[in-house]
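Visitor: The structure file target.txt (compact mmCIF, C-alpha atoms) is provided below.
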# COMPACT_ATOMS: atom_id res chain seq x y z
CA MET A 1 19.81 -15.52 12.40
CA THR A 2 23.27 -14.31 11.64
CA ASP A 3 25.53 -12.26 13.84
CA ALA A 4 27.14 -8.94 12.92
CA ARG A 5 30.59 -10.36 12.27
CA GLN A 6 29.22 -13.12 10.03
CA LEU A 7 27.06 -10.62 8.13
CA LEU A 8 30.04 -8.35 7.45
CA LEU A 9 32.10 -11.32 6.23
CA SER A 10 29.32 -12.41 3.89
CA ILE A 11 28.88 -8.95 2.42
CA ARG A 12 32.61 -8.26 2.11
CA ARG A 13 33.10 -11.25 -0.20
CA ALA A 14 32.50 -8.82 -3.07
CA ALA A 15 35.28 -6.47 -4.12
CA ARG A 16 32.84 -3.54 -3.96
CA PRO A 17 29.82 -4.52 -1.87
CA VAL A 18 26.47 -3.16 -2.99
CA VAL A 19 23.77 -3.90 -0.42
CA LEU A 20 20.02 -3.38 -0.79
CA ILE A 21 17.96 -3.25 2.42
CA ASP A 22 14.20 -3.43 1.91
CA GLY A 23 11.16 -3.90 4.10
CA GLY A 24 7.94 -2.16 4.93
CA SER A 25 7.81 1.26 6.53
CA GLY A 26 8.71 1.03 10.21
CA SER A 27 10.37 -2.41 9.92
CA GLY A 28 13.84 -1.32 11.06
CA LYS A 29 15.65 -1.06 7.73
CA THR A 30 16.87 2.50 8.40
CA THR A 31 18.24 1.48 11.79
CA LEU A 32 20.05 -1.45 10.19
CA ALA A 33 21.42 0.62 7.29
CA THR A 34 22.62 3.38 9.62
CA ALA A 35 24.69 0.82 11.55
CA LEU A 36 25.80 -1.28 8.58
CA ALA A 37 27.01 1.43 6.17
CA PRO A 38 29.82 2.77 8.40
CA ALA A 39 30.90 -0.77 9.31
CA LEU A 40 31.38 -1.42 5.59
CA GLY A 41 32.89 1.99 4.85
CA ALA A 42 29.92 2.41 2.51
CA GLN A 43 28.03 5.33 1.08
CA LEU A 44 24.43 5.31 2.31
CA VAL A 45 21.55 6.17 -0.01
CA ARG A 46 18.12 6.45 1.59
CA LEU A 47 15.15 6.14 -0.71
CA ASP A 48 13.30 8.51 1.66
CA ASP A 49 15.47 11.21 0.06
CA ILE A 50 14.51 10.09 -3.46
CA TYR A 51 10.78 9.20 -3.36
CA PRO A 52 9.01 11.83 -5.47
CA GLY A 53 6.15 12.31 -3.05
CA TRP A 54 3.70 9.96 -1.37
CA ASP A 55 2.97 8.10 -4.60
CA GLY A 56 6.63 7.67 -5.51
CA LEU A 57 7.66 4.18 -4.41
CA GLU A 58 7.85 2.81 -7.97
CA ALA A 59 9.69 5.87 -9.30
CA ALA A 60 12.32 5.68 -6.56
CA SER A 61 12.72 1.94 -7.06
CA GLY A 62 13.48 2.67 -10.71
CA GLN A 63 16.10 5.26 -9.77
CA VAL A 64 18.15 2.67 -7.85
CA GLU A 65 19.55 1.52 -11.20
CA GLN A 66 21.22 4.94 -11.58
CA VAL A 67 22.58 4.69 -8.03
CA LEU A 68 24.18 1.35 -8.92
CA SER A 69 25.44 2.31 -12.39
CA ALA A 70 29.02 2.90 -13.53
CA GLU A 71 28.40 6.62 -12.94
CA PRO A 72 26.43 6.38 -9.69
CA ARG A 73 24.28 9.29 -8.64
CA TRP A 74 20.87 10.13 -7.28
CA ARG A 75 18.55 13.11 -7.27
CA ARG A 76 17.05 14.35 -4.03
CA TRP A 77 13.34 15.05 -3.86
CA ASP A 78 12.48 18.31 -2.10
CA TRP A 79 9.43 17.37 -0.06
CA LYS A 80 8.69 20.97 0.88
CA ALA A 81 8.79 22.30 -2.68
CA GLN A 82 7.35 19.03 -4.07
CA ALA A 83 9.95 19.11 -6.83
CA PRO A 84 13.21 17.46 -7.87
CA ALA A 85 16.25 19.02 -6.21
CA GLU A 86 20.02 18.65 -6.55
CA TRP A 87 21.97 15.65 -7.81
CA HIS A 88 24.34 13.72 -5.55
CA ASP A 89 27.28 11.90 -7.10
CA LEU A 90 28.66 8.74 -5.50
CA ASP A 91 32.18 7.37 -5.62
CA PRO A 92 32.01 4.29 -7.90
CA SER A 93 34.95 2.69 -6.09
CA LEU A 94 33.31 2.66 -2.65
CA PRO A 95 30.71 0.24 -1.29
CA VAL A 96 27.08 1.36 -1.32
CA VAL A 97 24.12 0.59 0.92
CA VAL A 98 20.71 1.48 -0.51
CA GLU A 99 17.91 1.46 2.05
CA GLY A 100 14.22 1.85 1.44
CA SER A 101 10.93 0.27 0.52
CA GLY A 102 11.15 -0.70 -3.12
CA SER A 103 14.92 -1.12 -3.28
CA LEU A 104 14.95 -4.92 -3.65
CA SER A 105 13.28 -5.32 -7.05
CA ARG A 106 14.28 -7.96 -9.61
CA ALA A 107 16.15 -5.40 -11.72
CA ASN A 108 17.94 -3.81 -8.74
CA ARG A 109 18.88 -7.15 -7.20
CA ALA A 110 20.65 -8.11 -10.43
CA LEU A 111 22.94 -5.09 -9.93
CA ALA A 112 23.65 -5.64 -6.23
CA THR A 113 25.93 -8.07 -4.43
CA TYR A 114 23.75 -8.59 -1.36
CA GLY A 115 20.07 -8.18 -0.48
CA ILE A 116 18.43 -7.96 2.93
CA TRP A 117 14.70 -8.06 3.66
CA VAL A 118 13.51 -6.82 7.07
CA GLU A 119 10.27 -8.53 8.08
CA LEU A 120 7.86 -7.15 10.67
CA ASP A 121 4.08 -7.34 10.99
CA GLU A 122 2.09 -4.38 9.68
CA PRO A 123 0.43 -3.30 12.97
CA THR A 124 3.83 -3.03 14.70
CA ARG A 125 5.35 -1.25 11.70
CA LYS A 126 2.48 1.23 11.57
CA ALA A 127 2.76 2.00 15.29
CA ARG A 128 6.51 2.58 14.94
CA ALA A 129 6.21 4.72 11.83
CA LEU A 130 3.51 6.90 13.33
CA GLU A 131 5.45 7.22 16.57
CA ARG A 132 8.51 8.26 14.57
CA ASP A 133 6.83 10.63 12.10
CA GLY A 134 3.57 11.42 13.88
CA GLU A 135 0.92 13.51 12.24
CA LEU A 136 3.06 14.11 9.17
CA TYR A 137 2.77 10.44 8.13
CA ALA A 138 -0.63 9.49 9.55
CA PRO A 139 -2.75 10.76 6.62
CA PHE A 140 -0.54 8.91 4.13
CA TRP A 141 -0.03 5.53 5.84
CA ASP A 142 -2.73 3.63 3.94
CA ARG A 143 -1.70 5.13 0.60
CA TRP A 144 1.97 4.23 1.18
CA ALA A 145 1.22 0.77 2.59
CA ALA A 146 -0.82 -0.06 -0.53
CA GLN A 147 2.21 0.74 -2.71
CA GLU A 148 4.44 -1.43 -0.51
CA ARG A 149 2.00 -4.35 -0.74
CA ALA A 150 1.74 -4.01 -4.54
CA PHE A 151 5.53 -3.88 -4.87
CA ALA A 152 5.98 -6.93 -2.60
CA ALA A 153 3.34 -8.94 -4.48
CA ARG A 154 4.94 -8.21 -7.85
CA GLU A 155 8.67 -8.22 -7.01
CA ARG A 156 8.74 -10.69 -4.08
CA PRO A 157 11.68 -8.93 -2.38
CA SER A 158 11.87 -11.37 0.54
CA GLU A 159 12.55 -14.17 -1.96
CA ARG A 160 15.34 -12.14 -3.62
CA ALA A 161 17.08 -11.46 -0.33
CA ASP A 162 20.23 -13.25 0.76
CA LEU A 163 19.09 -12.69 4.32
CA VAL A 164 15.66 -12.17 5.91
CA LEU A 165 15.74 -10.54 9.33
CA ASP A 166 13.09 -9.99 11.94
CA ASP A 167 13.00 -7.29 14.61
CA GLU A 168 15.13 -9.23 17.08
CA ASP A 169 17.70 -10.03 14.38
CA VAL A 170 18.01 -6.35 13.45
CA ALA A 171 18.51 -5.36 17.10
CA ALA A 172 21.16 -8.07 17.59
CA ILE A 173 23.06 -7.08 14.44
CA VAL A 174 22.93 -3.37 15.26
CA ASN A 175 24.21 -4.07 18.80
CA GLY A 176 26.86 -6.40 17.40
CA LEU A 177 28.05 -3.79 14.89
CA ALA A 178 28.26 -1.21 17.70
CA SER A 179 30.45 -3.55 19.74
CA LEU A 180 32.77 -4.12 16.75
CA SER A 181 33.52 -0.42 16.31
Re-express the file's structure as structure tokens.

Guide:
Amino acid sequence: MTDARQLLLSIRRAARPVVLIDGGSGSGKTTLATALAPALGAQLVRLDDIYPGWDGLEAASGQVEQVLSAEPRWRRWDWKAQAPAEWHDLDPSLPVVVEGSGSLSRANRALATYGIWVELDEPTRKARALERDGELYAPFWDRWAAQERAFAARERPSERADLVLDDEDVAAIVNGLASLS
């Protein structure tokens, strides 16, 4: 386990930190990213805004390369219209935190300065995700979880991470970041 101050020091070793936070749905990666990005003065990109529908984990993972390019940008997916929406440009001089299942692939990790994997058992993650998103997510859980498992088996994101956190670690870091601000 690392504390918030130590984590910030590790990430800030890079001139322009680029952090990937991955883990299964409901693991706590959004909570961590929401606390970490402002502490780094970073732009936050959530893959939830990019996934092109419930079968879009691989497509969004592939779009991270554009987010981390010399001309960083991403295209929002309009879930209601089920269609691509507007582009969002990022400032290439500012740090970036990319959060979402599928972010920590081999190709994406090569472009980032720091990778974090958030580990939590599937039953707990499912309960959290369904509590958070309710009936909207329930019919799609199995479909989405299968994509996450396939991605993890192929890309081995936990092995590419600089840091693997569990639920208690995430809570401690989030609380630590709050006390630093």

Visitor: With a distance cut-off of 12 Å and all atoms listed in the file, select the neighbouring residues of Pro123 of chain A, excluding the residue or stretch itself and same-chain residues fewer than 4 positions from it, and output the selection as a VMD selection string.

Guide: chain A and resid 24 to 27 127 to 130 141 to 142 145

Visitor: May I have the protein, DNA and RNA residues with any atom at most 10 Å from the point (11.0, -7.7, 13.0), counting only C-alpha atoms, written as a list in words?

Guide: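 Every polymer residue passing the test: Gly23, Gly26, Ser27, Gly28, Lys29, Val118, Glu119, Leu120, Asp121, Thr124, Arg125, Val164, Leu165, Asp166, Asp167, Glu168, Asp169, Val170 and Ala171 of chain A.
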
Visitor: For the point (16.6, -8.6, -9.3) in file coordinates, what residues are within 12 Å, counting all atoms listed in the file? Give the answer as a ChimeraX atom specification?

Guide: /A:20,61-62,64-65,102-115,154-162

Visitor: Taking 5 positions as the minimum chain separation for residues in the same chain, which residues sit within 9 Å of Ala39 of chain A when counting all atoms listed in the file? Answer as a PyMOL selection string.

Guide: chain A and resi 8+177-178+180-181

Visitor: Of the residues A:Glu135, A:Asp48, A:Asp91, A:Asp55, which is the one nearest to Ser69 of chain A, using only C-alpha atoms?

Guide: A:Asp91

Visitor: Which one is closest to Leu44 of chain A: A:Pro95, A:Pro84, A:Gly56, A:Gly176? Count all atoms listed in the file.

Guide: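 Residue with the minimum atom-to-atom distance to Leu44 of chain A: A:Pro95.
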